[in-house]
Amino acid sequence: MSLKIRRNIPLIDQHDKNFMYGGKFGGNFIPETLKKPLDDLTKLFAKLRKDKKFLKERDLYFKDYVGSPTPFIKLENLTDYLGGAQVYAKVVSEANGGAHKIYGATVHCLIAKKAGKKYIIGDTGAGYAGKMLSMAAKKFGLKCKIFMGAKDIKRQRPNVEAIKKNGAEIVPVTTGSQTLVDAVSECMRYWVSNCDTTHMCVGSTVGPNIFIKICAWSTAQISRELIVQVKEEFGKIPNKLKLINCVGGGSSAAGFWNEFINTSAEFIGVEAGGPKNSKLHAAPLTFGSKIGILHGAAQYVIQDKEGQIGSTESISAGLDYPGISPLHCFLKDSKRASYTSASDEEALEAYKLVSRLENISPSLEPSHAFAEAIKLAPKLKPFEVIIVNSCGDSLKDKDIIKQKLGSYVR
Amino acid sequence: MNSNISLAFQACRREKRPALITYTVAGDNTKNNSLKILNKISKYADILELGFPHNTPIADGGQIQGSSHRALKKGIKLKDVFQIVKKFKKKNPAKPLILMGYYNVIYQSGENNFLKDCSLSGVDGLIIVDLPYPENHEFAKKCKKKSINFIQLLSPTTSKERMKKIIRDSHDMIYYISMLSTTGGKLKISPKEILKNYNKIKRINPKKNLVIGFGITDKTISALKSANGLVVGSLLCKTIANSLKMGQNPVTKLDKVVYNLKKKIL
Ligand SMILES: Cc1ncc(COP(=O)(O)O)c(C=O)c1O
């Protein structure tokens, strides 16, 4: 049965009284201790998002601190090379810090200040969420701890250095696969013990409902800018428009699509397919994983029959996560968005091609989205438009790229 | 009819002492050993909690994570957990056994299926860490129908209004989490402080069996003995980890540790 998106209700508010989207995704599967802190945060956020002064403050930070709007550019060379649809990029990597994670980080710090908290914690995979939170925390005078898998600490050096330079403490997580999934678990466990003094930021649109909401509400800035830029460029929203975005937890995709929900724009999410010849991947939507509970929310998640969360593999630390936002589960089952995956190799090829032809150089996460654009564009007509969210810069991946391709060119 | 759980509390009340409640993980460090452990420690423990392991626990500290990890590495499956319970209950039919774990395992098995297996193997109660009130309302009702106790949790962050509602919805046992912590944390507040909070909750409904857990060890247990029951978990998991490290038999080690705990609350 197909789920329905109700018109005139923001995507993040499409849940029922149990905080479930489409009756089956999301919710709050959490220990009793977190009920009250989550309840407090839910009430505070409900108040703040209606508070004109707060919105003004947010907009000011987005403009002066994050840098708004981020560029919207036509990729002329790539378009010529592919010979089909016109290919554009929303260069979100031009935002302060180099990725969309800055939106959530900034908003969470603003909220932490309003809540009177002095400490802030967060998880990170690719290191961007950690870098941005440490940056914003420094700006707002909050003490910051970042939880990061030991494997990711090794493969995302540049962001790790940035986190340290911003004065945050990095807590290496050595349990399980030592990647994002374990970092989120450890961060939540820390919060259970310190929720009286500490504000928690979840780096993507995952976790208990309120974190999904705050995160998507923050990244929605991307599409607020984009819809204006698109209308400027084309005079209207093109009839045949595809918005392509990589999805790990799904925060950048949710923000990229939000304002286009009630338009005819087509949404394509690209998950991490993992190495070409590996059984492991991080693509629960593409490969039909079953619904399960991960990090407090019901979602499609890679798991075994017994409900143990499964291992994942991806060249991209930011996409290397067994679950996916309940928002995307809802968008998939309501058929508003479709999801596919790109392999490690395809993402690397896409990185190479885009970096060679254009002035931008996407990190391995958005390279997954570019891989899909590269597949699709030649099959489309010149009046059709593809926009890719280039939400990260390859600089953070230079070690991996050098190791895989022999050299790194930006 | 009185449940095994309420009978156990009644017996302890007659002896003017708290119920000793242990927590170990099914399959730690092997299926056989965890069964042997249950058989041994049930001489001293009044109620046994048995964890069914999950690999992404969001409320457990290092020791219990370690136990779960050891069990999963040996390939423990849910059907093995029920086998362990069944074998234990065959020998000790009156000893209450409570399964404790995370909801996804139940969700994948199917609530009804899971409860059927609980009934068949003789499970007396369930603690589901990540299924709080009121989301647990329907599931708790299903448990009651099957004569399985659904054990509600209370925490220092639970408001009084909420406590009243949860207690009204509770069965024969309620679990009070002593402090803001995952399992196995060091006691951050004094036993006196914990008991002060505890007594406030007791006053809401004095008839309910209210137990305290999280952070209780051989060092702190006697200071808390005015409670209806005390749960010790991480200390036991740590004992297993240490005995494995030293090449000792975890079964005999645990036997001793639990015996000692019991002595401290008599
Ligand atoms: C550049 C970049 N893109 C995408 C992601 C994936 O996260 P999400 O799906 O929440 O946007 C990350 C996560 O770290 C990232 O750093």
# chains A, B, ... in the order shown; residues from 1 in each chain; ligands from 1
call {"tool": "interface_residues", "arguments": {"of": "chain A", "to": "chain B", "cutoff": "10 Å", "atoms": "only C-alpha atoms", "output": "PyMOL selection string"}}
result
chain A and resi 18+27-37+175-176+181-182+184-196+290-296+298+303-310
call {"tool": "write_last_selection", "arguments": {"atoms": "C-alpha atoms", "output": "CSV table (one decimal), in the first residue's frame"}}
result
chain,number,residue,atom,x,y,z
A,18,ASN,CA,3.3,8.8,18.0
A,27,GLY,CA,9.0,7.3,16.5
A,28,ASN,CA,10.9,7.5,19.7
A,29,PHE,CA,12.3,4.1,20.7
A,30,ILE,CA,14.4,5.4,23.6
A,31,PRO,CA,15.4,4.6,27.2
A,32,GLU,CA,13.1,6.2,29.8
A,33,THR,CA,15.9,8.6,30.9
A,34,LEU,CA,15.8,10.4,27.6
A,35,LYS,CA,12.0,10.9,27.6
A,36,LYS,CA,12.2,14.2,29.5
A,37,PRO,CA,15.2,15.7,27.7
A,175,THR,CA,33.2,-0.8,19.4
A,176,GLY,CA,31.6,-2.6,16.5
A,181,VAL,CA,26.8,3.7,13.4
A,182,ASP,CA,28.9,3.1,16.4
A,184,VAL,CA,26.0,7.6,17.0
A,185,SER,CA,25.4,4.9,19.5
A,186,GLU,CA,28.2,6.0,21.7
A,187,CYS,CA,27.1,9.6,21.5
A,188,MET,CA,23.6,8.7,22.5
A,189,ARG,CA,24.9,6.6,25.4
A,190,TYR,CA,27.0,9.6,26.6
A,191,TRP,CA,23.8,11.7,26.4
A,192,VAL,CA,21.9,9.2,28.5
A,193,SER,CA,24.5,9.9,31.3
A,194,ASN,CA,24.8,13.6,30.8
A,195,CYS,CA,21.5,14.9,29.5
A,196,ASP,CA,21.1,17.3,32.4
A,290,LYS,CA,13.4,-4.7,6.2
A,291,ILE,CA,12.0,-2.2,8.7
A,292,GLY,CA,13.8,-2.3,12.0
A,293,ILE,CA,14.7,0.0,14.9
A,294,LEU,CA,18.0,1.8,14.9
A,295,HIS,CA,19.1,4.7,17.1
A,296,GLY,CA,15.6,5.2,18.4
A,298,ALA,CA,11.9,2.7,12.9
A,303,GLN,CA,20.0,-6.2,9.6
A,304,ASP,CA,19.9,-9.9,9.9
A,305,LYS,CA,16.7,-12.0,10.6
A,306,GLU,CA,17.3,-11.7,14.3
A,307,GLY,CA,17.4,-7.9,14.3
A,308,GLN,CA,21.1,-7.5,14.7
A,309,ILE,CA,22.3,-4.5,12.7
A,310,GLY,CA,24.3,-5.5,9.7
call {"tool": "residues_near_ligand", "arguments": {"ligand": "ligand 1", "cutoff": "8 Å", "atoms": "only C-alpha atoms and all ligand atoms", "output": "VMD selection string"}}
result
chain A and resid 93 98 to 101 124 to 129 203 to 205 246 to 254 317 to 319 324 363 to 366 390 to 393
call {"tool": "closest_residue", "arguments": {"among": "B:Ser42, B:Asn205, B:Ser121, B:Gln248", "to": "Thr22 of chain B", "atoms": "only C-alpha atoms"}}
result
B:Ser42
call {"tool": "residues_around", "arguments": {"residues": "segment 145-149 of chain B", "least_positions_apart": "5", "cutoff": "9 Å", "atoms": "only C-alpha atoms", "output": "MDAnalysis selection string"}}
result
chainID B and resid 3 5 98 115:116 118:119 123:127 140 170:173
call {"tool": "closest_residue", "arguments": {"among": "B:Ala19, B:Ala71, B:Ala8, B:Ile194", "to": "Ala241 of chain B", "atoms": "only C-alpha atoms"}}
result
B:Ala71
call {"tool": "residues_around", "arguments": {"residues": "segment 65-80 of chain A", "least_positions_apart": "3", "cutoff": "6 Å", "atoms": "only C-alpha atoms", "output": "list in words"}}
result
Tyr61, Phe62, Gly83, Gln86, Val87, Tyr88, Ala89, Lys90, Val91, Val92, Glu94, Ala95, Asn96, Glu225 and Leu357 of chain A
call {"tool": "residues_around", "arguments": {"residues": "Lys335 of chain A", "least_positions_apart": "6", "cutoff": "9 Å", "atoms": "only C-alpha atoms", "output": "ChimeraX atom specification"}}
result
/A:2-4
call {"tool": "atom_distance", "arguments": {"atom1": "atom CA of Gly97 of chain A", "atom2": "atom CA of Lys165 of chain A"}}
result
12.8 Å
call {"tool": "residues_around", "arguments": {"residues": "Ile268 of chain A", "least_positions_apart": "2", "cutoff": "7 Å", "atoms": "only C-alpha atoms", "output": "compact mmCIF listing (two decimals) with N, CA and C atoms, in the first residue's frame"}}
result
# COMPACT_ATOMS: atom_id res chain seq x y z
N LEU A 243 16.24 16.34 -9.27
CA LEU A 243 17.13 16.77 -8.19
C LEU A 243 17.81 15.54 -7.61
N ILE A 244 19.11 15.44 -7.83
CA ILE A 244 19.83 14.23 -7.44
C ILE A 244 20.73 14.52 -6.25
N ASN A 245 20.62 13.66 -5.23
CA ASN A 245 21.36 13.88 -3.99
C ASN A 245 21.82 12.54 -3.42
N GLU A 266 11.46 15.88 -9.90
CA GLU A 266 11.66 14.47 -9.55
C GLU A 266 12.83 14.37 -8.57
N VAL A 270 20.68 8.81 -3.96
CA VAL A 270 21.69 7.82 -4.33
C VAL A 270 22.41 7.32 -3.08
N ALA A 337 9.84 10.06 -3.91
CA ALA A 337 11.24 10.02 -4.31
C ALA A 337 11.60 8.60 -4.71
N SER A 338 12.62 8.47 -5.55
CA SER A 338 13.10 7.12 -5.84
C SER A 338 14.57 7.03 -5.43
N TYR A 339 15.01 5.83 -5.17
CA TYR A 339 16.36 5.65 -4.64
C TYR A 339 17.10 4.59 -5.42
call {"tool": "select_by_dssp", "arguments": {"residues": "segment 90-302 of chain A", "states": "strand (DSSP E or B)", "output": "JSON, numbers by chain"}}
result
{"A": [90, 99, 119, 120, 121, 122, 123, 124, 143, 144, 145, 146, 147, 148, 149, 169, 170, 171, 172, 173, 198, 199, 200, 201, 241, 242, 243, 244, 245, 246, 266, 267, 268, 269, 270, 271, 272, 282, 291, 292, 293, 294, 297, 298, 299, 300]}
call {"tool": "write_last_selection", "arguments": {"atoms": "N, CA and C atoms", "output": "compact mmCIF listing (two decimals), in the first residue's frame"}}
result
# COMPACT_ATOMS: atom_id res chain seq x y z
N LYS A 90 24.30 22.60 -7.30
CA LYS A 90 24.14 23.52 -6.18
C LYS A 90 25.37 23.27 -5.32
N ALA A 99 30.49 21.99 3.84
CA ALA A 99 29.42 21.02 3.62
C ALA A 99 28.14 21.48 4.30
N TYR A 119 27.42 22.59 27.34
CA TYR A 119 28.15 21.54 26.65
C TYR A 119 27.34 21.04 25.47
N ILE A 120 28.04 20.67 24.41
CA ILE A 120 27.34 20.11 23.25
C ILE A 120 28.13 18.92 22.73
N ILE A 121 27.40 17.88 22.32
CA ILE A 121 28.07 16.69 21.79
C ILE A 121 27.46 16.34 20.44
N GLY A 122 28.22 15.62 19.64
CA GLY A 122 27.71 15.20 18.35
C GLY A 122 28.49 14.02 17.80
N ASP A 123 27.85 13.33 16.84
CA ASP A 123 28.49 12.21 16.15
C ASP A 123 29.04 12.70 14.82
N THR A 124 29.94 11.94 14.25
CA THR A 124 30.38 12.26 12.90
C THR A 124 30.92 11.02 12.21
N LYS A 143 31.28 24.15 25.10
CA LYS A 143 32.32 23.11 25.14
C LYS A 143 31.82 21.91 24.34
N CYS A 144 32.70 21.36 23.51
CA CYS A 144 32.22 20.40 22.51
C CYS A 144 33.01 19.09 22.52
N LYS A 145 32.26 17.98 22.41
CA LYS A 145 32.84 16.64 22.32
C LYS A 145 32.29 15.99 21.06
N ILE A 146 33.18 15.38 20.27
CA ILE A 146 32.75 14.73 19.04
C ILE A 146 33.05 13.23 19.10
N PHE A 147 32.05 12.42 18.83
CA PHE A 147 32.22 10.97 18.83
C PHE A 147 32.44 10.51 17.38
N MET A 148 33.53 9.78 17.19
CA MET A 148 33.89 9.38 15.82
C MET A 148 34.50 7.99 15.84
N GLY A 149 34.07 7.15 14.92
CA GLY A 149 34.60 5.80 14.83
C GLY A 149 36.10 5.81 14.55
N GLU A 169 36.99 18.08 21.80
CA GLU A 169 37.59 16.80 22.15
C GLU A 169 37.02 15.73 21.22
N ILE A 170 37.90 14.91 20.64
CA ILE A 170 37.42 13.79 19.82
C ILE A 170 37.43 12.53 20.67
N VAL A 171 36.28 11.86 20.74
CA VAL A 171 36.22 10.60 21.46
C VAL A 171 36.22 9.47 20.43
N PRO A 172 37.32 8.71 20.34
CA PRO A 172 37.37 7.63 19.35
C PRO A 172 36.46 6.48 19.80
N VAL A 173 35.68 5.96 18.89
CA VAL A 173 34.77 4.88 19.24
C VAL A 173 35.33 3.59 18.65
N THR A 198 24.05 18.66 29.11
CA THR A 198 24.61 18.63 27.76
C THR A 198 23.53 18.59 26.69
N HIS A 199 23.75 19.35 25.63
CA HIS A 199 22.86 19.29 24.48
C HIS A 199 23.43 18.31 23.45
N MET A 200 22.57 17.50 22.85
CA MET A 200 23.06 16.57 21.83
C MET A 200 22.63 17.04 20.45
N CYS A 201 23.56 16.94 19.50
CA CYS A 201 23.27 17.21 18.10
C CYS A 201 23.46 15.90 17.35
N LEU A 241 12.55 18.34 -14.37
CA LEU A 241 13.66 18.67 -13.47
C LEU A 241 13.94 17.49 -12.55
N LYS A 242 15.21 17.09 -12.49
CA LYS A 242 15.59 16.02 -11.57
C LYS A 242 16.55 16.57 -10.53
N LEU A 243 16.24 16.34 -9.27
CA LEU A 243 17.13 16.77 -8.19
C LEU A 243 17.81 15.54 -7.61
N ILE A 244 19.11 15.44 -7.83
CA ILE A 244 19.83 14.23 -7.44
C ILE A 244 20.73 14.52 -6.25
N ASN A 245 20.62 13.66 -5.23
CA ASN A 245 21.36 13.88 -3.99
C ASN A 245 21.82 12.54 -3.42
N CYS A 246 23.03 12.51 -2.87
CA CYS A 246 23.47 11.31 -2.17
C CYS A 246 22.71 11.22 -0.84
N GLU A 266 11.46 15.88 -9.90
CA GLU A 266 11.66 14.47 -9.55
C GLU A 266 12.83 14.37 -8.57
N PHE A 267 12.67 13.57 -7.52
CA PHE A 267 13.74 13.41 -6.52
C PHE A 267 14.41 12.05 -6.69
N ILE A 268 15.73 12.07 -6.80
CA ILE A 268 16.47 10.81 -6.86
C ILE A 268 17.54 10.79 -5.78
N GLY A 269 17.44 9.82 -4.90
CA GLY A 269 18.43 9.66 -3.83
C GLY A 269 19.41 8.57 -4.21
N VAL A 270 20.68 8.81 -3.96
CA VAL A 270 21.69 7.82 -4.33
C VAL A 270 22.41 7.32 -3.08
N GLU A 271 22.27 6.03 -2.83
CA GLU A 271 22.89 5.42 -1.67
C GLU A 271 24.27 4.85 -2.05
N ALA A 272 25.00 4.48 -1.03
CA ALA A 272 26.34 3.92 -1.26
C ALA A 272 26.24 2.43 -1.55
N ALA A 282 25.85 0.08 1.74
CA ALA A 282 25.17 0.91 2.74
C ALA A 282 23.91 1.47 2.10
N ILE A 291 12.15 -3.19 7.66
CA ILE A 291 12.03 -2.16 8.68
C ILE A 291 12.55 -2.70 10.01
N GLY A 292 13.31 -1.88 10.70
CA GLY A 292 13.80 -2.25 12.02
C GLY A 292 14.02 -0.99 12.83
N ILE A 293 14.47 -1.17 14.07
CA ILE A 293 14.71 -0.01 14.93
C ILE A 293 16.21 0.24 15.02
N LEU A 294 16.62 1.44 14.69
CA LEU A 294 18.03 1.80 14.87
C LEU A 294 18.09 3.22 15.44
N ALA A 297 14.70 4.98 16.15
CA ALA A 297 13.67 5.21 15.14
C ALA A 297 13.48 3.99 14.25
N ALA A 298 12.22 3.77 13.83
CA ALA A 298 11.91 2.69 12.90
C ALA A 298 12.24 3.16 11.49
N GLN A 299 12.91 2.32 10.74
CA GLN A 299 13.36 2.70 9.40
C GLN A 299 13.78 1.44 8.64
N TYR A 300 13.95 1.55 7.34
CA TYR A 300 14.57 0.46 6.61
C TYR A 300 16.03 0.42 7.04
call {"tool": "closest_residue", "arguments": {"among": "B:Lys36, B:Asn249, B:Ala26, B:Ile41", "to": "Phe82 of chain B", "atoms": "only C-alpha atoms"}}
result
B:Ala26
call {"tool": "residues_around", "arguments": {"residues": "Ile21 of chain B", "least_positions_apart": "5", "cutoff": "7 Å", "atoms": "only C-alpha atoms", "output": "VMD selection string"}}
result
chain B and resid 45 to 49 229 to 232
call {"tool": "write_last_selection", "arguments": {"atoms": "N, CA, C and O atoms", "output": "compact mmCIF listing (two decimals), in the first residue's frame"}}
result
# COMPACT_ATOMS: atom_id res chain seq x y z
N ALA B 45 20.12 -15.71 44.28
CA ALA B 45 19.33 -14.64 43.67
C ALA B 45 17.85 -14.97 43.78
O ALA B 45 17.46 -16.13 43.70
N ASP B 46 17.03 -13.93 43.98
CA ASP B 46 15.59 -14.13 44.09
C ASP B 46 14.91 -14.03 42.73
O ASP B 46 13.89 -14.66 42.49
N ILE B 47 15.46 -13.18 41.90
CA ILE B 47 14.92 -13.00 40.56
C ILE B 47 16.11 -12.92 39.60
O ILE B 47 17.12 -12.30 39.93
N LEU B 48 15.98 -13.55 38.43
CA LEU B 48 17.09 -13.53 37.48
C LEU B 48 16.69 -12.75 36.24
O LEU B 48 15.64 -13.02 35.64
N GLU B 49 17.50 -11.80 35.90
CA GLU B 49 17.31 -11.14 34.61
C GLU B 49 18.31 -11.74 33.64
O GLU B 49 19.48 -11.94 33.98
N GLY B 229 13.93 -4.33 46.10
CA GLY B 229 14.80 -5.22 45.34
C GLY B 229 15.97 -4.44 44.77
O GLY B 229 15.87 -3.23 44.57
N LEU B 230 17.07 -5.13 44.54
CA LEU B 230 18.27 -4.47 44.02
C LEU B 230 18.83 -5.29 42.87
O LEU B 230 18.98 -6.51 42.98
N VAL B 231 19.13 -4.61 41.79
CA VAL B 231 19.61 -5.30 40.60
C VAL B 231 21.12 -5.10 40.46
O VAL B 231 21.61 -3.97 40.52
N VAL B 232 21.83 -6.20 40.26
CA VAL B 232 23.27 -6.10 39.99
C VAL B 232 23.54 -6.75 38.64
O VAL B 232 23.20 -7.92 38.43
call {"tool": "atom_distance", "arguments": {"atom1": "atom CA of Ile240 of chain B", "atom2": "atom CA of Asp117 of chain B"}}
result
27.6 Å
call {"tool": "atom_distance", "arguments": {"atom1": "atom CA of Cys215 of chain A", "atom2": "atom CA of Asp40 of chain A"}}
result
16.7 Å
call {"tool": "decode", "arguments": {"residues": "segment 211-255 of chain B", "atoms": "C-alpha atoms", "output": "CSV table (one decimal), in the first residue's frame"}}
result
chain,number,residue,atom,x,y,z
B,211,VAL,CA,13.5,-2.2,42.6
B,212,ILE,CA,16.6,-0.1,42.1
B,213,GLY,CA,19.2,-0.8,39.4
B,214,PHE,CA,22.3,0.7,37.7
B,215,GLY,CA,25.6,1.2,39.3
B,216,ILE,CA,25.0,-1.2,42.2
B,217,THR,CA,28.0,-3.3,43.3
B,218,ASP,CA,29.2,-5.2,46.3
B,219,LYS,CA,30.4,-1.9,47.7
B,220,THR,CA,27.1,-0.1,47.6
B,221,ILE,CA,24.5,-2.8,47.9
B,222,SER,CA,24.1,-2.9,51.6
B,223,ALA,CA,23.5,0.8,51.9
B,224,LEU,CA,20.5,0.4,49.6
B,225,LYS,CA,18.9,-2.6,51.3
B,226,SER,CA,15.7,-0.9,52.4
B,227,ALA,CA,14.5,-1.1,48.8
B,228,ASN,CA,12.2,-3.9,47.7
B,229,GLY,CA,14.8,-5.2,45.3
B,230,LEU,CA,18.3,-4.5,44.0
B,231,VAL,CA,19.6,-5.3,40.6
B,232,VAL,CA,23.3,-6.1,40.0
B,233,GLY,CA,24.4,-6.5,36.4
B,234,SER,CA,27.6,-4.9,35.2
B,235,LEU,CA,29.5,-6.3,38.2
B,236,LEU,CA,28.6,-9.8,37.1
B,237,CYS,CA,29.4,-9.1,33.5
B,238,LYS,CA,32.7,-7.7,34.5
B,239,THR,CA,33.4,-10.8,36.7
B,240,ILE,CA,32.9,-13.0,33.6
B,241,ALA,CA,35.2,-10.8,31.5
B,242,ASN,CA,37.9,-10.9,34.2
B,243,SER,CA,37.7,-14.6,34.9
B,244,LEU,CA,38.1,-15.2,31.1
B,245,LYS,CA,41.1,-13.0,31.0
B,246,MET,CA,42.7,-14.9,33.9
B,247,GLY,CA,41.8,-18.3,32.5
B,248,GLN,CA,39.4,-19.0,35.4
B,249,ASN,CA,36.0,-20.6,35.3
B,250,PRO,CA,33.4,-17.9,35.1
B,251,VAL,CA,30.7,-20.2,36.6
B,252,THR,CA,32.4,-20.7,39.9
B,253,LYS,CA,33.5,-17.1,40.1
B,254,LEU,CA,30.0,-15.8,39.6
B,255,ASP,CA,28.7,-18.2,42.2
